[in-house]
>>> print(open('upload.cif').read())   # mmCIF, C-alpha atoms and all ligand atoms
data_work
#
loop_
_atom_site.label_atom_id
_atom_site.label_comp_id
_atom_site.auth_asym_id
_atom_site.auth_seq_id
_atom_site.Cartn_x
_atom_site.Cartn_y
_atom_site.Cartn_z
CA MET M 1 2.06 11.32 -31.86
CA ILE M 2 -1.64 10.69 -32.24
CA SER M 3 -2.97 10.78 -35.78
CA PRO M 4 -5.34 13.59 -36.77
CA VAL M 5 -8.06 10.94 -37.16
CA LEU M 6 -8.58 9.32 -33.75
CA PRO M 7 -6.88 5.96 -34.21
CA THR M 8 -9.83 3.71 -33.34
CA TYR M 9 -9.70 1.93 -36.70
CA SER M 10 -6.92 -0.16 -38.22
CA ASN M 11 -4.66 2.15 -40.20
CA ASN M 12 -5.09 0.35 -43.51
CA PRO M 13 -3.23 2.33 -46.18
CA LEU M 14 -5.63 1.09 -48.88
CA GLY M 15 -8.19 3.70 -49.86
CA PHE M 16 -10.41 4.42 -52.83
CA GLU M 17 -11.20 7.34 -55.05
CA ARG M 18 -14.37 6.14 -56.70
CA GLY M 19 -16.78 3.26 -57.04
CA GLU M 20 -18.65 1.73 -59.96
CA GLY M 21 -21.25 -0.91 -59.14
CA ALA M 22 -19.49 -3.73 -57.32
CA TRP M 23 -16.03 -2.26 -57.94
CA LEU M 24 -13.90 0.16 -55.95
CA ILE M 25 -11.09 2.00 -57.72
CA THR M 26 -7.97 3.51 -56.17
CA ALA M 27 -6.44 6.85 -57.19
CA GLU M 28 -3.89 4.80 -59.20
CA GLY M 29 -6.70 3.07 -61.11
CA GLU M 30 -6.44 -0.32 -59.38
CA ARG M 31 -9.80 -2.10 -59.24
CA TYR M 32 -11.05 -4.12 -56.26
CA LEU M 33 -14.17 -6.26 -56.24
CA ASP M 34 -16.19 -5.11 -53.25
CA PHE M 35 -17.73 -8.14 -51.51
CA MET M 36 -17.86 -6.20 -48.29
CA ALA M 37 -20.04 -3.29 -49.48
CA GLY M 38 -19.12 -1.05 -46.56
CA ILE M 39 -20.19 -3.96 -44.29
CA ALA M 40 -23.61 -4.50 -45.89
CA VAL M 41 -24.21 -0.80 -46.57
CA ASN M 42 -23.84 -0.35 -50.34
CA ALA M 43 -26.74 -2.68 -51.06
CA LEU M 44 -26.99 -1.44 -54.64
CA GLY M 45 -23.26 -1.08 -55.18
CA HIS M 46 -21.46 2.18 -55.72
CA CYS M 47 -23.00 5.15 -57.52
CA HIS M 48 -26.17 3.35 -58.57
CA PRO M 49 -27.69 5.74 -61.13
CA HIS M 50 -31.12 5.83 -59.48
CA LEU M 51 -29.59 6.72 -56.10
CA VAL M 52 -27.26 9.32 -57.60
CA GLU M 53 -30.19 10.92 -59.40
CA ALA M 54 -32.35 10.97 -56.26
CA LEU M 55 -29.58 12.53 -54.17
CA LYS M 56 -28.71 15.12 -56.84
CA ALA M 57 -32.34 16.11 -57.34
CA GLN M 58 -32.95 16.49 -53.59
CA SER M 59 -29.68 18.37 -53.07
CA GLU M 60 -30.92 21.08 -55.39
CA LYS M 61 -34.23 21.43 -53.54
CA LEU M 62 -33.75 21.12 -49.77
CA TRP M 63 -31.13 19.54 -47.51
CA HIS M 64 -32.33 20.00 -43.99
CA THR M 65 -35.08 21.64 -42.06
CA SER M 66 -35.73 20.13 -38.65
CA ASN M 67 -38.00 17.43 -37.37
CA VAL M 68 -40.12 20.19 -35.84
CA PHE M 69 -41.46 20.62 -39.39
CA ARG M 70 -43.27 18.09 -41.54
CA ILE M 71 -40.80 16.37 -43.85
CA GLU M 72 -42.92 15.09 -46.69
CA GLY M 73 -40.40 12.53 -47.93
CA GLN M 74 -40.06 11.15 -44.42
CA VAL M 75 -43.81 10.72 -44.03
CA ARG M 76 -43.98 8.88 -47.36
CA LEU M 77 -40.96 6.68 -46.55
CA ALA M 78 -42.54 5.72 -43.23
CA GLU M 79 -45.77 4.89 -45.08
CA ARG M 80 -43.89 2.66 -47.50
CA LEU M 81 -42.09 0.81 -44.69
CA VAL M 82 -45.34 0.41 -42.79
CA ALA M 83 -47.08 -0.96 -45.89
CA ALA M 84 -44.25 -3.44 -46.51
CA THR M 85 -43.79 -4.77 -42.96
CA PHE M 86 -45.36 -5.72 -39.62
CA ALA M 87 -44.91 -2.12 -38.44
CA ASP M 88 -47.41 0.68 -37.88
CA THR M 89 -44.94 3.45 -37.16
CA VAL M 90 -41.32 4.44 -37.84
CA PHE M 91 -38.68 6.65 -36.18
CA PHE M 92 -35.78 7.67 -38.45
CA THR M 93 -32.15 7.76 -37.36
CA ASN M 94 -28.70 8.25 -38.89
CA SER M 95 -27.20 4.90 -37.91
CA GLY M 96 -27.81 1.39 -36.69
CA THR M 97 -26.73 2.25 -33.17
CA GLU M 98 -29.28 5.01 -32.95
CA ALA M 99 -31.98 2.72 -34.30
CA ILE M 100 -31.08 0.21 -31.56
CA GLU M 101 -31.02 2.96 -28.95
CA CYS M 102 -34.54 3.93 -29.99
CA ALA M 103 -35.63 0.28 -29.90
CA ILE M 104 -34.27 -0.20 -26.36
CA LYS M 105 -35.90 2.99 -25.10
CA MET M 106 -39.14 2.04 -26.82
CA ALA M 107 -39.27 -1.44 -25.27
CA ARG M 108 -38.69 -0.01 -21.79
CA ARG M 109 -41.21 2.75 -22.31
CA ALA M 110 -43.85 0.36 -23.67
CA GLN M 111 -43.69 -1.53 -20.40
CA ALA M 112 -43.74 1.69 -18.38
CA VAL M 113 -46.93 2.93 -20.04
CA ARG M 114 -48.48 -0.49 -19.42
CA GLY M 115 -48.01 0.29 -15.72
CA ARG M 116 -44.89 -1.86 -15.28
CA PRO M 117 -41.92 0.55 -15.08
CA GLU M 118 -39.93 -2.08 -13.18
CA ARG M 119 -39.67 -4.04 -16.43
CA TYR M 120 -36.65 -2.49 -18.13
CA ARG M 121 -34.31 -5.41 -18.81
CA LEU M 122 -33.71 -6.97 -22.22
CA VAL M 123 -32.49 -10.49 -22.81
CA THR M 124 -29.74 -10.51 -25.46
CA PHE M 125 -27.54 -13.21 -26.98
CA GLU M 126 -23.86 -14.07 -26.88
CA GLY M 127 -22.09 -13.15 -30.09
CA ALA M 128 -24.49 -10.25 -30.66
CA PHE M 129 -23.40 -6.90 -31.99
CA HIS M 130 -25.74 -3.94 -31.67
CA GLY M 131 -23.41 -0.95 -32.05
CA ARG M 132 -20.99 1.12 -29.98
CA SER M 133 -23.01 3.48 -27.78
CA LEU M 134 -22.95 2.69 -24.06
CA ALA M 135 -26.36 1.01 -24.29
CA ALA M 136 -25.40 -0.90 -27.44
CA ILE M 137 -22.13 -2.28 -26.02
CA ALA M 138 -23.97 -3.32 -22.87
CA ALA M 139 -26.61 -5.03 -25.02
CA GLY M 140 -23.91 -6.77 -27.09
CA GLY M 141 -22.11 -7.77 -23.92
CA GLN M 142 -18.74 -8.32 -25.57
CA GLU M 143 -15.89 -7.76 -23.16
CA LYS M 144 -13.58 -6.36 -25.85
CA TYR M 145 -16.01 -3.48 -26.47
CA LEU M 146 -16.91 -2.89 -22.80
CA GLU M 147 -13.41 -2.91 -21.33
CA GLY M 148 -12.28 0.40 -19.85
CA PHE M 149 -15.57 2.21 -20.28
CA GLY M 150 -16.77 1.92 -16.70
CA PRO M 151 -19.65 -0.15 -15.41
CA PRO M 152 -21.75 -1.47 -18.31
CA MET M 153 -25.16 0.13 -18.53
CA ALA M 154 -27.61 -1.93 -16.48
CA GLY M 155 -30.50 -3.80 -17.99
CA PHE M 156 -29.15 -6.55 -20.25
CA ASP M 157 -29.08 -10.28 -19.56
CA GLN M 158 -27.01 -12.25 -22.05
CA VAL M 159 -27.61 -15.89 -22.79
CA PRO M 160 -25.95 -18.28 -25.25
CA LEU M 161 -27.88 -18.55 -28.50
CA GLY M 162 -29.98 -21.72 -28.41
CA ASP M 163 -29.56 -22.37 -24.67
CA GLU M 164 -33.17 -22.95 -23.65
CA ALA M 165 -32.46 -23.31 -19.94
CA ALA M 166 -30.39 -20.11 -19.78
CA LEU M 167 -33.11 -18.26 -21.67
CA SER M 168 -35.86 -19.35 -19.27
CA ALA M 169 -33.64 -18.51 -16.30
CA ALA M 170 -32.95 -15.03 -17.67
CA LEU M 171 -36.63 -14.09 -17.90
CA GLY M 172 -37.81 -12.45 -14.70
CA PRO M 173 -40.16 -9.85 -13.24
CA GLU M 174 -37.91 -7.05 -14.57
CA THR M 175 -37.72 -8.34 -18.15
CA ALA M 176 -39.13 -5.95 -20.74
CA GLY M 177 -38.25 -7.88 -23.87
CA ILE M 178 -35.85 -9.91 -25.98
CA LEU M 179 -33.41 -8.38 -28.48
CA VAL M 180 -31.99 -10.57 -31.24
CA GLU M 181 -30.36 -10.37 -34.67
CA PRO M 182 -32.19 -12.91 -36.88
CA ILE M 183 -28.75 -13.47 -38.39
CA GLN M 184 -25.78 -12.50 -36.28
CA GLY M 185 -23.40 -10.59 -38.54
CA GLU M 186 -20.34 -9.68 -36.49
CA GLY M 187 -20.92 -12.84 -34.45
CA GLY M 188 -20.03 -14.98 -37.48
CA VAL M 189 -23.02 -15.09 -39.86
CA ARG M 190 -24.98 -17.22 -37.41
CA VAL M 191 -28.49 -17.79 -38.69
CA VAL M 192 -31.03 -18.06 -35.87
CA PRO M 193 -33.24 -21.06 -36.70
CA ASP M 194 -36.87 -20.26 -37.51
CA ALA M 195 -38.00 -22.48 -34.62
CA LEU M 196 -35.97 -20.41 -32.16
CA LEU M 197 -37.39 -17.14 -33.52
CA GLN M 198 -40.86 -18.65 -33.13
CA HIS M 199 -40.02 -19.71 -29.57
CA LEU M 200 -38.88 -16.17 -28.73
CA ARG M 201 -42.11 -14.84 -30.23
CA ASP M 202 -44.18 -17.25 -28.16
CA LEU M 203 -42.31 -16.34 -24.97
CA CYS M 204 -42.82 -12.63 -25.63
CA THR M 205 -46.51 -13.05 -26.38
CA HIS M 206 -47.02 -15.25 -23.34
CA HIS M 207 -45.21 -12.96 -20.89
CA ASP M 208 -46.27 -9.70 -22.57
CA LEU M 209 -42.68 -8.83 -23.53
CA LEU M 210 -41.44 -6.91 -26.55
CA LEU M 211 -39.67 -8.92 -29.24
CA VAL M 212 -37.03 -6.69 -30.82
CA PHE M 213 -35.21 -7.65 -34.01
CA ASP M 214 -31.92 -6.06 -35.03
CA GLU M 215 -31.94 -6.20 -38.82
CA VAL M 216 -29.34 -3.46 -39.18
CA GLN M 217 -27.06 -5.83 -41.12
CA CYS M 218 -29.36 -8.57 -42.41
CA GLY M 219 -32.27 -6.37 -43.55
CA VAL M 220 -33.24 -4.59 -46.77
CA GLY M 221 -33.03 -7.40 -49.30
CA ARG M 222 -29.76 -8.94 -48.16
CA THR M 223 -31.27 -12.38 -47.53
CA GLY M 224 -33.43 -12.36 -50.64
CA ARG M 225 -36.43 -11.13 -48.65
CA LEU M 226 -37.04 -7.49 -47.84
CA PHE M 227 -36.33 -8.42 -44.20
CA ALA M 228 -34.55 -11.53 -42.97
CA HIS M 229 -37.20 -12.56 -40.45
CA GLU M 230 -39.91 -12.81 -43.13
CA VAL M 231 -38.88 -16.32 -44.12
CA SER M 232 -39.66 -17.55 -40.58
CA GLY M 233 -43.18 -16.11 -40.56
CA VAL M 234 -42.37 -14.59 -37.15
CA THR M 235 -42.86 -10.87 -36.67
CA PRO M 236 -41.29 -8.68 -34.00
CA ASP M 237 -42.86 -5.81 -32.07
CA ILE M 238 -39.92 -3.54 -32.79
CA MET M 239 -37.17 -3.69 -35.43
CA ALA M 240 -34.00 -1.65 -35.93
CA ILE M 241 -32.72 -1.21 -39.48
CA ALA M 242 -29.95 0.91 -41.07
CA LYS M 243 -27.04 0.17 -43.44
CA GLY M 244 -28.78 -1.02 -46.65
CA ILE M 245 -31.77 1.30 -46.35
CA GLY M 246 -29.48 4.28 -47.07
CA GLY M 247 -27.38 2.47 -49.68
CA GLY M 248 -24.37 4.46 -48.41
CA PHE M 249 -26.15 7.55 -47.15
CA PRO M 250 -26.43 7.58 -43.33
CA LEU M 251 -29.99 6.44 -42.62
CA GLY M 252 -31.53 4.10 -40.10
CA ALA M 253 -34.95 3.49 -38.65
CA CYS M 254 -36.77 1.93 -35.76
CA LEU M 255 -40.00 0.29 -36.86
CA ALA M 256 -42.72 -0.70 -34.40
CA THR M 257 -46.27 -1.88 -33.98
CA GLU M 258 -48.74 0.62 -32.61
CA ALA M 259 -48.76 -1.15 -29.22
CA ALA M 260 -44.95 -1.21 -28.97
CA GLY M 261 -44.66 2.43 -29.92
CA ALA M 262 -47.40 3.55 -27.55
CA GLY M 263 -45.01 5.03 -25.00
CA MET M 264 -43.05 7.13 -27.47
CA THR M 265 -45.19 10.22 -27.23
CA LYS M 266 -44.27 13.82 -28.01
CA GLY M 267 -40.93 14.80 -26.48
CA THR M 268 -39.82 11.30 -25.48
CA HIS M 269 -37.21 10.94 -28.22
CA GLY M 270 -35.63 12.92 -31.03
CA SER M 271 -32.79 13.39 -33.47
CA THR M 272 -31.55 16.50 -35.25
CA PHE M 273 -30.62 14.81 -38.50
CA GLY M 274 -32.64 11.58 -38.38
CA GLY M 275 -34.67 11.22 -41.55
CA ASN M 276 -33.66 14.55 -43.06
CA PRO M 277 -34.75 15.31 -46.64
CA LEU M 278 -31.48 14.14 -48.25
CA ALA M 279 -31.43 10.86 -46.34
CA VAL M 280 -35.05 9.95 -46.98
CA ALA M 281 -34.74 10.83 -50.67
CA VAL M 282 -32.04 8.15 -50.92
CA GLY M 283 -34.09 5.77 -48.75
CA HIS M 284 -36.95 6.06 -51.24
CA ALA M 285 -34.59 5.40 -54.14
CA VAL M 286 -33.24 2.25 -52.43
CA LEU M 287 -36.76 0.96 -51.85
CA ASP M 288 -37.73 1.79 -55.47
CA VAL M 289 -35.07 -0.65 -56.64
CA VAL M 290 -35.24 -3.34 -53.95
CA MET M 291 -39.04 -3.53 -54.10
CA GLU M 292 -39.18 -3.49 -57.88
CA HIS M 293 -40.91 -6.61 -59.19
CA GLY M 294 -38.35 -9.38 -59.72
CA PHE M 295 -35.43 -7.72 -57.90
CA LEU M 296 -35.47 -10.03 -54.87
CA ASP M 297 -35.99 -13.05 -57.15
CA ARG M 298 -32.76 -12.08 -58.88
CA VAL M 299 -31.01 -11.71 -55.50
CA ASN M 300 -32.12 -15.24 -54.62
CA ALA M 301 -30.93 -16.63 -57.93
CA THR M 302 -27.57 -14.85 -57.62
CA ALA M 303 -27.23 -15.99 -54.02
CA GLY M 304 -27.83 -19.59 -55.09
CA GLN M 305 -25.11 -19.37 -57.71
CA LEU M 306 -22.64 -17.78 -55.31
CA ARG M 307 -23.35 -20.36 -52.62
CA GLN M 308 -22.87 -23.22 -55.11
CA SER M 309 -19.58 -21.77 -56.28
CA LEU M 310 -18.41 -21.34 -52.67
CA LEU M 311 -19.32 -24.94 -51.88
CA GLY M 312 -17.21 -25.98 -54.87
CA LEU M 313 -14.35 -23.89 -53.49
CA LYS M 314 -14.72 -25.54 -50.10
CA ASP M 315 -14.44 -28.96 -51.78
CA ARG M 316 -11.31 -27.88 -53.63
CA TYR M 317 -9.67 -26.30 -50.56
CA PRO M 318 -10.86 -28.37 -47.59
CA THR M 319 -7.81 -27.48 -45.49
CA ILE M 320 -8.72 -23.79 -45.76
CA ILE M 321 -12.53 -23.66 -45.88
CA ASP M 322 -14.47 -25.63 -43.33
CA GLU M 323 -18.04 -24.49 -43.91
CA VAL M 324 -20.18 -22.20 -46.06
CA ARG M 325 -22.87 -20.57 -43.94
CA GLY M 326 -25.46 -17.83 -44.10
CA THR M 327 -28.36 -17.05 -46.34
CA GLY M 328 -28.98 -14.93 -49.44
CA LEU M 329 -26.07 -12.59 -50.01
CA MET M 330 -25.07 -12.64 -46.35
CA LEU M 331 -22.62 -15.50 -46.56
CA GLY M 332 -19.76 -16.67 -44.39
CA LEU M 333 -16.79 -18.95 -44.94
CA LYS M 334 -15.74 -20.59 -41.69
CA THR M 335 -12.06 -21.16 -42.19
CA ARG M 336 -9.53 -23.67 -40.90
CA VAL M 337 -6.81 -21.04 -41.17
CA GLU M 338 -6.96 -17.65 -39.43
CA ASN M 339 -9.95 -15.93 -41.05
CA ILE M 340 -7.93 -12.73 -41.30
CA ALA M 341 -5.25 -14.59 -43.30
CA LEU M 342 -7.88 -15.40 -45.95
CA VAL M 343 -9.25 -11.83 -45.86
CA GLU M 344 -5.68 -10.54 -46.44
CA ALA M 345 -4.91 -13.04 -49.19
CA ALA M 346 -8.20 -12.17 -50.91
CA ARG M 347 -7.33 -8.49 -50.70
CA GLN M 348 -4.02 -9.21 -52.39
CA GLU M 349 -6.14 -10.77 -55.12
CA HIS M 350 -8.23 -7.59 -55.26
CA LEU M 351 -11.30 -9.00 -53.54
CA LEU M 352 -12.63 -7.23 -50.45
CA ALA M 353 -14.24 -9.33 -47.71
CA VAL M 354 -14.54 -8.84 -43.96
CA GLY M 355 -13.84 -11.00 -40.92
CA ALA M 356 -16.41 -11.98 -38.29
CA GLY M 357 -16.63 -14.03 -35.09
CA GLU M 358 -16.19 -17.84 -35.03
CA ASN M 359 -13.29 -17.51 -37.48
CA VAL M 360 -15.58 -16.60 -40.35
CA VAL M 361 -14.90 -14.53 -43.48
CA ARG M 362 -18.02 -12.57 -44.37
CA LEU M 363 -19.07 -12.03 -47.97
CA LEU M 364 -21.58 -9.20 -48.25
CA PRO M 365 -21.57 -8.17 -51.91
CA PRO M 366 -23.90 -5.58 -53.40
CA LEU M 367 -27.28 -7.16 -54.13
CA THR M 368 -26.83 -6.17 -57.77
CA ILE M 369 -23.91 -8.49 -58.57
CA GLY M 370 -24.21 -10.87 -61.50
CA GLU M 371 -22.45 -13.90 -62.93
CA ALA M 372 -19.38 -11.92 -64.00
CA GLU M 373 -18.76 -10.66 -60.47
CA ILE M 374 -19.34 -14.11 -58.97
CA GLY M 375 -16.82 -15.57 -61.42
CA ALA M 376 -14.29 -12.86 -60.60
CA ALA M 377 -14.78 -13.31 -56.84
CA ILE M 378 -14.37 -17.07 -57.02
CA GLY M 379 -11.24 -16.62 -59.13
CA SER M 380 -9.79 -14.26 -56.51
CA LEU M 381 -10.70 -16.62 -53.66
CA GLU M 382 -9.11 -19.52 -55.52
CA ARG M 383 -5.87 -17.59 -55.99
CA ALA M 384 -6.07 -16.46 -52.34
CA CYS M 385 -6.35 -20.11 -51.22
CA GLU M 386 -3.38 -21.02 -53.45
CA ARG M 387 -1.40 -18.23 -51.81
CA LEU M 388 -2.21 -19.61 -48.37
CA LEU M 389 -1.28 -23.16 -49.41
CA ALA M 390 1.99 -21.92 -50.89
CA ALA M 391 2.77 -20.00 -47.69
CA GLU M 392 1.96 -23.10 -45.62
CA GLY M 393 4.24 -25.17 -47.85
CA ARG M 394 7.06 -22.67 -47.43
CA ALA M 395 6.55 -22.67 -43.64
CA ALA M 396 6.66 -26.50 -43.54
CA GLN M 397 9.98 -26.65 -45.44
N1 LIG Z 1 -26.59 -3.82 -35.27
C1 LIG Z 1 -25.98 -4.65 -36.12
C2 LIG Z 1 -26.52 -6.04 -36.33
C3 LIG Z 1 -24.83 -4.24 -36.82
O1 LIG Z 1 -24.21 -5.08 -37.67
C4 LIG Z 1 -24.35 -2.92 -36.62
C5 LIG Z 1 -23.14 -2.45 -37.30
O2 LIG Z 1 -22.34 -3.20 -37.82
C6 LIG Z 1 -25.04 -2.09 -35.71
C7 LIG Z 1 -26.15 -2.57 -35.07
C8 LIG Z 1 -24.56 -0.70 -35.48
O3 LIG Z 1 -24.80 0.09 -36.61
P1 LIG Z 1 -23.98 1.44 -36.86
O4 LIG Z 1 -22.55 1.08 -37.01
O5 LIG Z 1 -24.61 2.01 -38.10
O6 LIG Z 1 -24.22 2.34 -35.70
#
>>> encode(input="upload.cif", output="structure tokens")
Amino acid sequence: MISPVLPTYSNNPLGFERGEGAWLITAEGERYLDFMAGIAVNALGHCHPHLVEALKAQSEKLWHTSNVFRIEGQVRLAERLVAATFADTVFFTNSGTEAIECAIKMARRAQAVRGRPERYRLVTFEGAFHGRSLAAIAAGGQEKYLEGFGPPMAGFDQVPLGDEAALSAALGPETAGILVEPIQGEGGVRVVPDALLQHLRDLCTHHDLLLVFDEVQCGVGRTGRLFAHEVSGVTPDIMAIAKGIGGGFPLGACLATEAAGAGMTKGTHGSTFGGNPLAVAVGHAVLDVVMEHGFLDRVNATAGQLRQSLLGLKDRYPTIIDEVRGTGLMLGLKTRVENIALVEAARQEHLLAVGAGENVVRLLPPLTIGEAEIGAAIGSLERACERLLAAEGRAAQ
């Protein structure tokens, strides 16, 4: 018999009643250290007082009107994002997928209003993940997500990351732009080298294509910069964000330059809930904290400590951990065992992490963690590795 909740997720019996900072607590009072943060969503941990206050205050004033009316908080949040980034304009959504959907439509439309409607295709990269709508699974190109859903939506040309020849071959008279995650999350915490981002920028500028960044997972302070691409000095024309910007409240956005957004005129796109007063109130609160002087410096310092500790762990358990990868607090452990075995063993040690492609265990803790949490996480990972070694030993006997 089918479960009341459509069984598209694993039926993990573990669930939580409340959260405090980097900790999740079950109804029985068991505490788990959350180095998964809702897959890079709870950027400021659970129940951050400034976010709780912002949500409470807004909930007593106004929840929802409609985007047919001016939403003051939305206008101000857009202004803040514009002031902090390459962008001139912002469309608000409820999720990463919707932000990507807007980005894809925008890239196509930008070409159409330049008099080139035949340019509708986007070049994307193997290992990418852009969400689960029909357009997003076609963009991601992963067979496991496409299978059984009919012909993939047309308009995406996938190339291996870093394959120069395949990239050149994929560009053609119908190409509208290039869509890339500056750090592939689901793909295995694969950092796109700065030189490659620069090359994509140069190609787009040269061929008058739109460069679209998906910073749904790597954005909003996670890498120690407000946005991951900043370190490269390369700017996109369009960027999708979500996850961290809502800190746990459903909020996403598609940011664009004036030229890229030129086709998105009145009536071309919309969302009932996108950027409603509750969501943008929380978005402001997240930015208040992340953009506070010194916050990102602390993220960088914490990230350095965590990375060092993980490298130490790799040296102590070389048969389990092969590589520490990633940047800031978007880190991955490439494992020599099944990545899921380490995720499970860590969970038994009350540390939550999440698997990714290329046999990687992702660590995406709240940006607010400190030394105590790093120490606790390393302790759990150590015990998890011991568990795996003991199990291996038993299997060998
Ligand atoms: N893009 C990236 C890079 C993501 O990691 C995700 C979600 O994991 C998405 C898009 C889709 O976002 P959402 O699940 O909020 O629709």
>>> atom_distance(input="upload.cif", atom1="atom CA of Ala242 of chain M", atom2="atom CA of Val123 of chain M")
21.7 Å
>>> closest_residue(input="upload.cif", among="M:Trp63, M:Phe16, M:Phe149, M:Phe213", to="ligand LIG 1 (chain Z)", atoms="all atoms listed in the file")
M:Phe213
>>> closest_residue(input="upload.cif", among="M:Gly267, M:Gly233, M:Gly370, M:Pro318", to="Ala301 of chain M", atoms="only C-alpha atoms")
M:Gly370
>>> residues_near_point(input="upload.cif", point="(-24.3, 10.0, -38.2)", cutoff="9 Å", atoms="only C-alpha atoms", output="list of chain:residue names")
M:Thr93, M:Asn94, M:Ser95, M:Glu98, M:Pro250, M:Leu251, M:Phe273, M:Gly274
>>> residues_near_ligand(input="upload.cif", ligand="ligand LIG 1 (chain Z)", cutoff="8 Å", atoms="all atoms listed in the file", output="MDAnalysis selection string")
chainID M and resid 39 94:100 128:132 136 181 184:186 214:218 240:243 250 252
>>> closest_residue(input="upload.cif", among="M:Thr265, M:Thr205, M:Asn300, M:Thr319", to="Asp237 of chain M", atoms="only C-alpha atoms")
M:Thr205
>>> axis_aligned_box(input="upload.cif", around="segment 206-212 of chain M", padding_each_side="6 Å", output="JSON")
{"center_x": -42.0, "center_y": -11.0, "center_z": -25.9, "size_x": 22.0, "size_y": 20.6, "size_z": 21.9}
>>> residues_near_point(input="upload.cif", point="(-35.3, 3.2, -53.9)", cutoff="10 Å", atoms="only C-alpha atoms", output="PyMOL selection string")
chain M and resi 44+50-51+54+77+245-247+280-292
>>> closest_residue(input="upload.cif", among="M:Leu388, M:Arg347, M:Phe125, M:Val337", to="Asn12 of chain M", atoms="all atoms listed in the file")
M:Arg347
>>> closest_residue(input="upload.cif", among="M:Pro193, M:Gly155, M:Leu310, M:Ala391", to="Gly172 of chain M", atoms="only C-alpha atoms")
M:Gly155
>>> closest_residue(input="upload.cif", among="M:Glu53, M:Glu60, M:Glu147, M:Glu349", to="Leu33 of chain M", atoms="all atoms listed in the file")
M:Glu349
>>> atom_distance(input="upload.cif", atom1="atom CA of Ala154 of chain M", atom2="atom CA of Gly127 of chain M")
18.5 Å
>>> atom_distance(input="upload.cif", atom1="atom CA of Val159 of chain M", atom2="atom CA of Gly328 of chain M")
26.7 Å
>>> residues_around(input="upload.cif", residues="Glu382 of chain M", least_positions_apart="2", cutoff="9 Å", atoms="all atoms listed in the file", output="PyMOL selection string")
chain M and resi 313+316-317+346+377-380+384-387
>>> residues_around(input="upload.cif", residues="Ala112 of chain M", least_positions_apart="6", cutoff="8 Å", atoms="only C-alpha atoms", output="ChimeraX atom specification")
/M:118-119,263
>>> build_atoms(input="upload.cif", residues="segment 273-283 of chain M", atoms="N, CA, C and O atoms", output="compact mmCIF listing (two decimals), in the frame of the given file")
# COMPACT_ATOMS: atom_id res chain seq x y z
N PHE M 273 -30.76 15.14 -37.07
CA PHE M 273 -30.62 14.81 -38.50
C PHE M 273 -31.51 13.66 -38.95
O PHE M 273 -31.71 13.48 -40.16
N GLY M 274 -31.96 12.82 -38.00
CA GLY M 274 -32.64 11.58 -38.38
C GLY M 274 -33.75 11.78 -39.39
O GLY M 274 -34.71 12.50 -39.13
N GLY M 275 -33.62 11.14 -40.53
CA GLY M 275 -34.67 11.22 -41.55
C GLY M 275 -34.74 12.57 -42.23
O GLY M 275 -35.83 13.02 -42.61
N ASN M 276 -33.58 13.24 -42.41
CA ASN M 276 -33.66 14.55 -43.06
C ASN M 276 -33.94 14.38 -44.56
O ASN M 276 -33.91 13.27 -45.09
N PRO M 277 -34.28 15.46 -45.25
CA PRO M 277 -34.75 15.31 -46.64
C PRO M 277 -33.77 14.58 -47.56
O PRO M 277 -34.20 13.79 -48.41
N LEU M 278 -32.46 14.83 -47.39
CA LEU M 278 -31.48 14.14 -48.25
C LEU M 278 -31.51 12.64 -47.99
O LEU M 278 -31.55 11.83 -48.91
N ALA M 279 -31.49 12.28 -46.71
CA ALA M 279 -31.43 10.86 -46.34
C ALA M 279 -32.67 10.11 -46.82
O ALA M 279 -32.57 9.02 -47.38
N VAL M 280 -33.84 10.70 -46.60
CA VAL M 280 -35.05 9.95 -46.98
C VAL M 280 -35.22 9.90 -48.50
O VAL M 280 -35.80 8.94 -49.02
N ALA M 281 -34.68 10.89 -49.20
CA ALA M 281 -34.74 10.83 -50.67
C ALA M 281 -33.98 9.59 -51.15
O ALA M 281 -34.43 8.86 -52.04
N VAL M 282 -32.82 9.33 -50.53
CA VAL M 282 -32.04 8.15 -50.92
C VAL M 282 -32.75 6.88 -50.44
O VAL M 282 -32.79 5.88 -51.16
N GLY M 283 -33.34 6.93 -49.25
CA GLY M 283 -34.09 5.77 -48.75
C GLY M 283 -35.20 5.36 -49.71
O GLY M 283 -35.39 4.18 -50.00
